[in-house]
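The structure file input-v9.tsv is reproduced below (TSV, C-alpha atoms).
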```
chain	number	residue	atom	x	y	z
A	19	MET	CA	0.77	-32.00	-7.44
A	20	THR	CA	-0.06	-29.35	-4.91
A	21	SER	CA	-3.57	-29.02	-3.51
A	22	ALA	CA	-4.94	-25.52	-2.94
A	23	LYS	CA	-5.03	-26.03	0.83
A	24	THR	CA	-1.39	-27.13	1.10
A	25	LEU	CA	-0.38	-24.32	-1.22
A	26	HIS	CA	-2.00	-21.74	1.06
A	27	LEU	CA	-0.62	-23.29	4.23
A	28	LYS	CA	2.96	-23.41	3.00
A	29	THR	CA	2.66	-19.92	1.52
A	30	TYR	CA	1.51	-18.40	4.83
A	31	LEU	CA	4.19	-20.33	6.72
A	32	MET	CA	6.89	-18.88	4.45
A	33	ILE	CA	5.39	-15.37	4.73
A	34	ALA	CA	5.55	-15.69	8.53
A	35	VAL	CA	9.23	-16.70	8.32
A	36	ILE	CA	9.88	-13.73	5.99
A	37	ILE	CA	8.27	-11.07	8.19
A	38	VAL	CA	10.12	-12.25	11.29
A	39	ALA	CA	13.54	-13.17	9.87
A	40	ALA	CA	14.10	-10.06	7.72
A	41	PRO	CA	13.37	-7.42	10.41
A	42	LEU	CA	15.25	-9.41	13.05
A	43	GLY	CA	18.23	-9.64	10.68
A	44	ASN	CA	18.18	-5.90	10.02
A	45	VAL	CA	17.92	-5.08	13.73
A	46	LEU	CA	20.88	-7.37	14.51
A	47	LEU	CA	22.92	-5.75	11.71
A	48	ALA	CA	22.09	-2.33	13.13
A	49	LYS	CA	23.20	-3.50	16.58
A	50	GLY	CA	26.46	-4.83	15.16
A	51	MET	CA	27.20	-1.70	13.14
A	52	LYS	CA	26.54	0.60	16.10
A	53	HIS	CA	29.11	-1.34	18.15
A	54	SER	CA	31.80	-1.69	15.51
A	55	GLY	CA	33.68	1.46	16.51
A	56	ASP	CA	35.54	3.47	13.89
A	57	LEU	CA	34.09	2.88	10.41
A	58	SER	CA	36.51	4.74	8.11
A	59	ILE	CA	36.70	3.28	4.61
A	60	TRP	CA	39.59	5.35	3.30
A	61	PRO	CA	42.52	4.69	2.86
A	62	PRO	CA	42.13	0.97	1.92
A	63	SER	CA	44.01	-0.11	5.06
A	64	ALA	CA	41.29	1.59	7.12
A	65	LEU	CA	38.63	-0.22	5.08
A	66	PHE	CA	40.40	-3.50	5.88
A	67	HIS	CA	40.35	-2.75	9.61
A	68	THR	CA	36.73	-1.69	9.45
A	69	ALA	CA	35.80	-4.93	7.66
A	70	LEU	CA	37.68	-6.95	10.31
A	71	ASN	CA	35.86	-5.09	13.10
A	72	VAL	CA	32.47	-5.48	11.47
A	73	PHE	CA	32.86	-9.19	10.77
A	74	ALA	CA	34.22	-9.87	14.25
A	75	SER	CA	30.81	-8.90	15.64
A	76	PRO	CA	28.54	-11.82	16.60
A	77	SER	CA	25.47	-9.62	16.00
A	78	ILE	CA	26.48	-9.14	12.37
A	79	TRP	CA	26.78	-12.91	11.84
A	80	LEU	CA	23.46	-13.58	13.58
A	81	GLY	CA	21.90	-10.88	11.43
A	82	VAL	CA	23.39	-12.43	8.30
A	83	ALA	CA	22.04	-15.84	9.38
A	84	CYS	CA	18.55	-14.31	9.77
A	85	LEU	CA	18.80	-12.65	6.36
A	86	VAL	CA	19.96	-15.93	4.76
A	87	THR	CA	16.93	-17.63	6.34
A	88	PHE	CA	14.76	-14.85	4.94
A	89	PHE	CA	16.39	-15.19	1.54
A	90	VAL	CA	15.85	-18.97	1.35
A	91	ALA	CA	12.19	-18.57	2.44
A	92	TYR	CA	11.78	-15.81	-0.13
A	93	MET	CA	13.31	-17.91	-2.92
A	94	LEU	CA	11.13	-20.89	-2.02
A	95	VAL	CA	7.89	-18.90	-1.90
A	96	LEU	CA	8.68	-17.13	-5.18
A	97	SER	CA	9.06	-20.51	-6.86
A	98	TRP	CA	5.29	-21.07	-6.54
A	99	ALA	CA	3.63	-17.80	-5.51
A	100	ASP	CA	3.34	-14.54	-7.48
A	101	TYR	CA	5.78	-11.76	-6.70
A	102	SER	CA	2.75	-9.47	-6.59
A	103	PHE	CA	1.28	-11.55	-3.74
A	104	VAL	CA	4.52	-12.00	-1.81
A	105	GLN	CA	5.48	-8.33	-2.09
A	106	PRO	CA	2.45	-6.81	-0.26
A	107	ALA	CA	2.41	-9.63	2.28
A	108	SER	CA	6.05	-8.97	3.17
A	109	SER	CA	5.30	-5.28	3.73
A	110	LEU	CA	4.36	-6.21	7.30
A	111	SER	CA	8.15	-6.30	7.79
A	112	TYR	CA	8.14	-2.49	7.93
A	113	GLY	CA	5.94	-2.53	11.01
A	114	MET	CA	7.93	-5.39	12.50
A	115	VAL	CA	11.28	-3.65	12.06
A	116	ALA	CA	10.03	-0.58	13.92
A	117	LEU	CA	8.63	-2.76	16.69
A	118	LEU	CA	11.89	-4.70	17.04
A	119	GLY	CA	13.96	-1.51	16.82
A	120	TYR	CA	11.93	-0.13	19.69
A	121	LEU	CA	11.98	-3.33	21.79
A	122	LEU	CA	15.54	-4.54	21.20
A	123	LEU	CA	17.50	-1.36	20.47
A	124	GLY	CA	15.43	1.15	22.43
A	125	GLU	CA	15.01	3.34	19.35
A	126	HIS	CA	12.67	6.25	19.82
A	127	ILE	CA	9.97	6.08	17.17
A	128	SER	CA	7.94	9.24	16.74
A	129	LEU	CA	4.21	9.14	16.01
A	130	LEU	CA	4.96	10.60	12.59
A	131	ARG	CA	7.30	7.69	11.82
A	132	TRP	CA	4.65	5.14	12.86
A	133	ALA	CA	2.14	6.97	10.66
A	134	GLY	CA	4.62	6.88	7.77
A	135	ILE	CA	5.15	3.14	8.21
A	136	ALA	CA	1.37	2.55	8.25
A	137	VAL	CA	0.97	4.58	5.04
A	138	ILE	CA	3.84	2.61	3.42
A	139	CYS	CA	2.10	-0.70	4.29
A	140	ALA	CA	-1.20	0.65	2.90
A	141	GLY	CA	0.59	1.70	-0.28
A	142	VAL	CA	2.22	-1.70	-0.69
A	143	PHE	CA	-1.19	-3.37	-0.25
A	144	VAL	CA	-2.69	-1.16	-2.95
A	145	VAL	CA	0.22	-2.01	-5.27
A	146	GLY	CA	-0.28	-5.71	-4.52
A	147	ARG	CA	-3.98	-5.61	-5.35
A	148	THR	CA	-3.30	-4.51	-8.92
A	149	ASN	CA	-3.19	-7.00	-11.75
A	150	PRO	CA	0.26	-8.62	-11.61
A	151	ARG	CA	0.45	-9.13	-15.36
A	152	THR	CA	-0.86	-7.15	-18.28
A	153	THR	CA	-0.15	-9.95	-20.74
A	154	ALA	CA	-2.48	-12.91	-21.25
A	155	HIS	CA	-1.67	-16.03	-19.27
A	156	GLN	CA	-3.26	-19.17	-17.84
A	157	ALA	CA	-5.81	-18.66	-15.08
A	158	SER	CA	-3.95	-18.90	-11.80
A	159	GLU	CA	-5.02	-21.20	-9.00
A	160	GLN	CA	-8.00	-19.84	-7.09
A	161	LEU	CA	-9.11	-20.82	-3.62
B	6	MET	CA	25.57	13.28	-0.94
B	7	ARG	CA	26.81	10.23	0.95
B	8	ASP	CA	23.27	9.51	2.10
B	9	ILE	CA	21.90	9.82	-1.43
B	10	ILE	CA	24.51	7.35	-2.75
B	11	LEU	CA	23.84	4.86	0.08
B	12	PHE	CA	20.05	4.92	-0.25
B	13	THR	CA	20.20	4.83	-4.06
B	14	LEU	CA	22.43	1.74	-3.92
B	15	ILE	CA	20.15	0.03	-1.40
B	16	VAL	CA	17.03	0.75	-3.44
B	17	ALA	CA	18.33	0.26	-7.00
B	18	ALA	CA	20.63	-2.73	-6.42
B	19	GLY	CA	18.14	-4.33	-4.04
B	20	THR	CA	15.18	-4.09	-6.44
B	21	GLY	CA	17.26	-5.19	-9.43
B	22	GLY	CA	18.60	-8.12	-7.43
B	23	GLU	CA	15.11	-9.22	-6.37
B	24	LEU	CA	13.84	-9.13	-9.93
B	25	CYS	CA	16.80	-11.23	-11.14
B	26	VAL	CA	16.29	-13.77	-8.34
B	27	SER	CA	12.56	-13.91	-9.07
B	28	LYS	CA	13.29	-14.57	-12.74
B	29	ALA	CA	15.80	-17.27	-11.83
B	30	MET	CA	13.41	-19.05	-9.47
B	31	LYS	CA	10.71	-19.15	-12.13
B	32	GLU	CA	13.22	-21.03	-14.31
B	33	VAL	CA	14.08	-23.41	-11.47
B	34	GLY	CA	10.45	-24.37	-10.89
B	35	GLU	CA	8.26	-24.92	-7.86
B	36	ALA	CA	9.72	-26.27	-4.64
B	37	THR	CA	7.45	-29.19	-3.78
B	38	SER	CA	8.89	-30.37	-0.48
B	39	PHE	CA	10.49	-28.88	2.61
B	40	HIS	CA	12.74	-31.86	3.19
B	41	PRO	CA	16.29	-30.47	3.71
B	42	ILE	CA	17.63	-32.57	0.83
B	43	GLU	CA	14.92	-31.23	-1.48
B	44	ILE	CA	15.66	-27.65	-0.40
B	45	ALA	CA	19.37	-28.22	-1.01
B	46	LYS	CA	18.56	-29.57	-4.49
B	47	VAL	CA	16.45	-26.49	-5.29
B	48	ILE	CA	19.30	-24.21	-4.14
B	49	LEU	CA	21.83	-26.15	-6.22
B	50	ARG	CA	19.56	-25.94	-9.27
B	51	ALA	CA	19.12	-22.21	-8.64
B	52	LEU	CA	22.91	-21.72	-8.58
B	53	ARG	CA	23.09	-22.97	-12.16
B	54	VAL	CA	20.90	-20.13	-13.42
B	55	PRO	CA	22.98	-17.05	-14.44
B	56	TRP	CA	20.18	-14.67	-13.37
B	57	MET	CA	20.66	-15.96	-9.83
B	58	TRP	CA	24.31	-14.90	-9.80
B	59	LEU	CA	23.53	-11.46	-11.16
B	60	GLY	CA	20.76	-11.12	-8.59
B	61	VAL	CA	23.01	-12.23	-5.73
B	62	ALA	CA	25.78	-9.82	-6.83
B	63	MET	CA	23.35	-6.89	-6.86
B	64	MET	CA	21.94	-7.92	-3.49
B	65	ALA	CA	25.48	-8.06	-2.06
B	66	ILE	CA	26.09	-4.47	-3.17
B	67	ALA	CA	22.77	-3.45	-1.59
B	68	PHE	CA	23.78	-5.32	1.58
B	69	PHE	CA	27.01	-3.37	2.09
B	70	ALA	CA	25.24	-0.10	1.38
B	71	LEU	CA	22.66	-1.15	4.00
B	72	LEU	CA	25.44	-1.81	6.55
B	73	GLY	CA	26.77	1.69	5.87
B	74	ALA	CA	23.34	3.27	6.34
B	75	LEU	CA	22.71	1.27	9.53
B	76	SER	CA	25.96	2.55	11.00
B	77	LEU	CA	24.66	6.10	10.57
B	78	TYR	CA	20.94	5.94	11.32
B	79	ASN	CA	18.30	4.03	13.31
B	80	VAL	CA	17.09	0.80	11.78
B	81	SER	CA	13.48	1.98	12.16
B	82	PHE	CA	14.39	4.87	9.86
B	83	VAL	CA	16.59	3.07	7.31
B	84	VAL	CA	14.31	0.12	6.54
B	85	PRO	CA	11.13	2.15	5.84
B	86	VAL	CA	13.13	4.45	3.53
B	87	THR	CA	14.13	1.38	1.50
B	88	ALA	CA	10.41	1.11	0.60
B	89	LEU	CA	11.30	3.67	-2.09
B	90	SER	CA	12.06	0.53	-4.12
B	91	TYR	CA	8.32	0.40	-4.95
B	92	VAL	CA	8.57	3.86	-6.47
B	93	ALA	CA	11.77	2.92	-8.31
B	94	GLY	CA	10.13	-0.32	-9.49
B	95	ALA	CA	7.13	1.44	-11.01
B	96	PHE	CA	9.24	4.02	-12.85
B	97	GLY	CA	11.77	1.35	-13.87
B	98	GLY	CA	8.98	-0.87	-15.22
B	99	VAL	CA	7.65	1.95	-17.37
B	100	ALA	CA	11.03	3.23	-18.52
B	101	PHE	CA	12.95	0.01	-19.15
B	102	LEU	CA	10.38	-2.76	-19.56
B	103	ARG	CA	7.60	-0.69	-21.22
B	104	GLU	CA	5.10	-2.07	-18.71
B	105	LYS	CA	1.69	-0.47	-18.41
B	106	VAL	CA	1.28	0.69	-14.82
B	107	SER	CA	-2.40	0.95	-13.87
B	108	PRO	CA	-3.79	4.04	-12.07
B	109	GLN	CA	-4.38	1.86	-9.00
B	110	ARG	CA	-0.72	0.86	-8.91
B	111	TRP	CA	0.32	4.51	-9.23
B	112	LEU	CA	-1.97	5.22	-6.26
B	113	GLY	CA	-0.14	2.55	-4.23
B	114	VAL	CA	3.23	3.94	-5.29
B	115	LEU	CA	2.06	7.43	-4.32
B	116	LEU	CA	1.02	6.15	-0.87
B	117	VAL	CA	4.44	4.52	-0.38
B	118	ALA	CA	6.13	7.79	-1.35
B	119	ILE	CA	3.92	9.73	1.10
B	120	GLY	CA	4.71	7.17	3.81
B	121	VAL	CA	8.48	7.50	3.24
B	122	THR	CA	8.12	11.28	3.34
B	123	LEU	CA	6.37	11.01	6.73
B	124	VAL	CA	9.17	8.73	7.99
B	125	PHE	CA	11.69	11.37	6.85
B	126	LEU	CA	9.75	14.14	8.57
B	127	GLY	CA	9.50	12.03	11.72
B	128	LYS	CA	13.28	11.54	11.78
B	129	SER	CA	14.16	12.13	15.38
```
Please express what this file holds, its structure, as structure tokens.
Amino acid sequence: MTSAKTLHLKTYLMIAVIIVAAPLGNVLLAKGMKHSGDLSIWPPSALFHTALNVFASPSIWLGVACLVTFFVAYMLVLSWADYSFVQPASSLSYGMVALLGYLLLGEHISLLRWAGIAVICAGVFVVGRTNPRTTAHQASEQL
Amino acid sequence: MRDIILFTLIVAAGTGGELCVSKAMKEVGEATSFHPIEIAKVILRALRVPWMWLGVAMMAIAFFALLGALSLYNVSFVVPVTALSYVAGAFGGVAFLREKVSPQRWLGVLLVAIGVTLVFLGKS
């Protein structure tokens, strides 16, 4: 049995893991890919060398570890929470990825891009506030 | 053309993969404990659901497309553009699953699309 309080606590904990691990993973992947040198994928021998280069990068492996952490947290939270709740909550990742890109990679982020990210988050919240199911089902747990 | 293929793969394979994984986890049931052994058991149970494998395969495709895109553009550009998955999801739901998408959800999808457009325009 899961009490409402525990359910909320563990849900928010998992959401926190999701919105930190996913952006951090993506930023580390970006770092790895920018430092992997030549990225030709044709002919196949070039693809092989590119793959070797890419997977020799520690940043790529750290990024993959972050994304695996994200994936496990995501799987766990989806086992008890609605996709339509998790989806808007995870949209904070879009703001986080821009912040980390700016802080860790020194990416220049124009005002227009920040505005776009804010509008995306707003859109995801509006999507998340809609009824998750149009078919009849048991009343879900309320706080 | 290359960009269109990359972003389409990220969005389509990523969204499809998430839906498959979500379906699989609903079959597995709620994770009740965070003890490492319990988590391992949940993962092992999940690996026995075919939807999980399909979902993971699609996510792997999306992952390599993402690596390609990240080698070309800033991460603060690539990740927001992947939000197009909300637009794809709404149209996919209507077209393939015959879901009824409420006006409010269309409004949210429209906002996401506007946001992605702004990110594109702000590409520096």
**Request:** May I ask you to extract the residues of chain B within 8 Å of chain A, using all atoms listed in the file, and to give them as a PyMOL selection string?
**Result:** chain B and resi 26-27+30-31+33-37+72+75-76+79-82+84-85+88+91+104-105+107+109-129
**Request:** In the coordinates of the file, take the point (27.2, 3.3, 4.5) and a cut-off of 9 Å; then, counting all atoms listed in the file, name each qualifying protein, DNA or RNA residue as a PyMOL selection string.
**Result:** chain B and resi 7-8+10-12+69-77
With C-alpha atoms retained, could you export that selection as an mmCIF file, in the frame of the given file?
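So the final result, stored in out_14.cif, reads:
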```cif
data_model
loop_
_atom_site.group_PDB
_atom_site.id
_atom_site.type_symbol
_atom_site.label_atom_id
_atom_site.label_comp_id
_atom_site.auth_asym_id
_atom_site.auth_seq_id
_atom_site.Cartn_x
_atom_site.Cartn_y
_atom_site.Cartn_z
ATOM 1 C CA ARG B 7 26.810 10.230 0.950
ATOM 2 C CA ASP B 8 23.270 9.510 2.100
ATOM 3 C CA ILE B 10 24.510 7.350 -2.750
ATOM 4 C CA LEU B 11 23.840 4.860 0.080
ATOM 5 C CA PHE B 12 20.050 4.920 -0.250
ATOM 6 C CA PHE B 69 27.010 -3.370 2.090
ATOM 7 C CA ALA B 70 25.240 -0.100 1.380
ATOM 8 C CA LEU B 71 22.660 -1.150 4.000
ATOM 9 C CA LEU B 72 25.440 -1.810 6.550
ATOM 10 C CA GLY B 73 26.770 1.690 5.870
ATOM 11 C CA ALA B 74 23.340 3.270 6.340
ATOM 12 C CA LEU B 75 22.710 1.270 9.530
ATOM 13 C CA SER B 76 25.960 2.550 11.000
ATOM 14 C CA LEU B 77 24.660 6.100 10.570
#
```
**Fill in**
re atom CA of Leu42 of chain A and atom CA of Ala91 of chain A: distance 14.3 Å
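Note that atom CA of Val16 of chain B and atom CA of Thr68 of chain A are 23.7 Å apart.
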**Prompt:** How would you write as a ChimeraX atom specification the residues that get within 6 Å of (17.4, -12.9, 6.1) in the file's frame, counting all atoms listed in the file?
**Reply:** /A:39-40,43,84-89
**Prompt:** atom CA of Ser21 of chain A and atom CA of Val104 of chain A are how many Å apart?
**Reply:**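 So the answer is 18.9 Å.
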**Prompt:** Residues at most 10 Å from Gly97 of chain B, counting all atoms listed in the file, excluding those fewer than 6 positions away in the same chain, as a PyMOL selection string?
**Reply:** chain B and resi 17+20-21+90-91+103-104
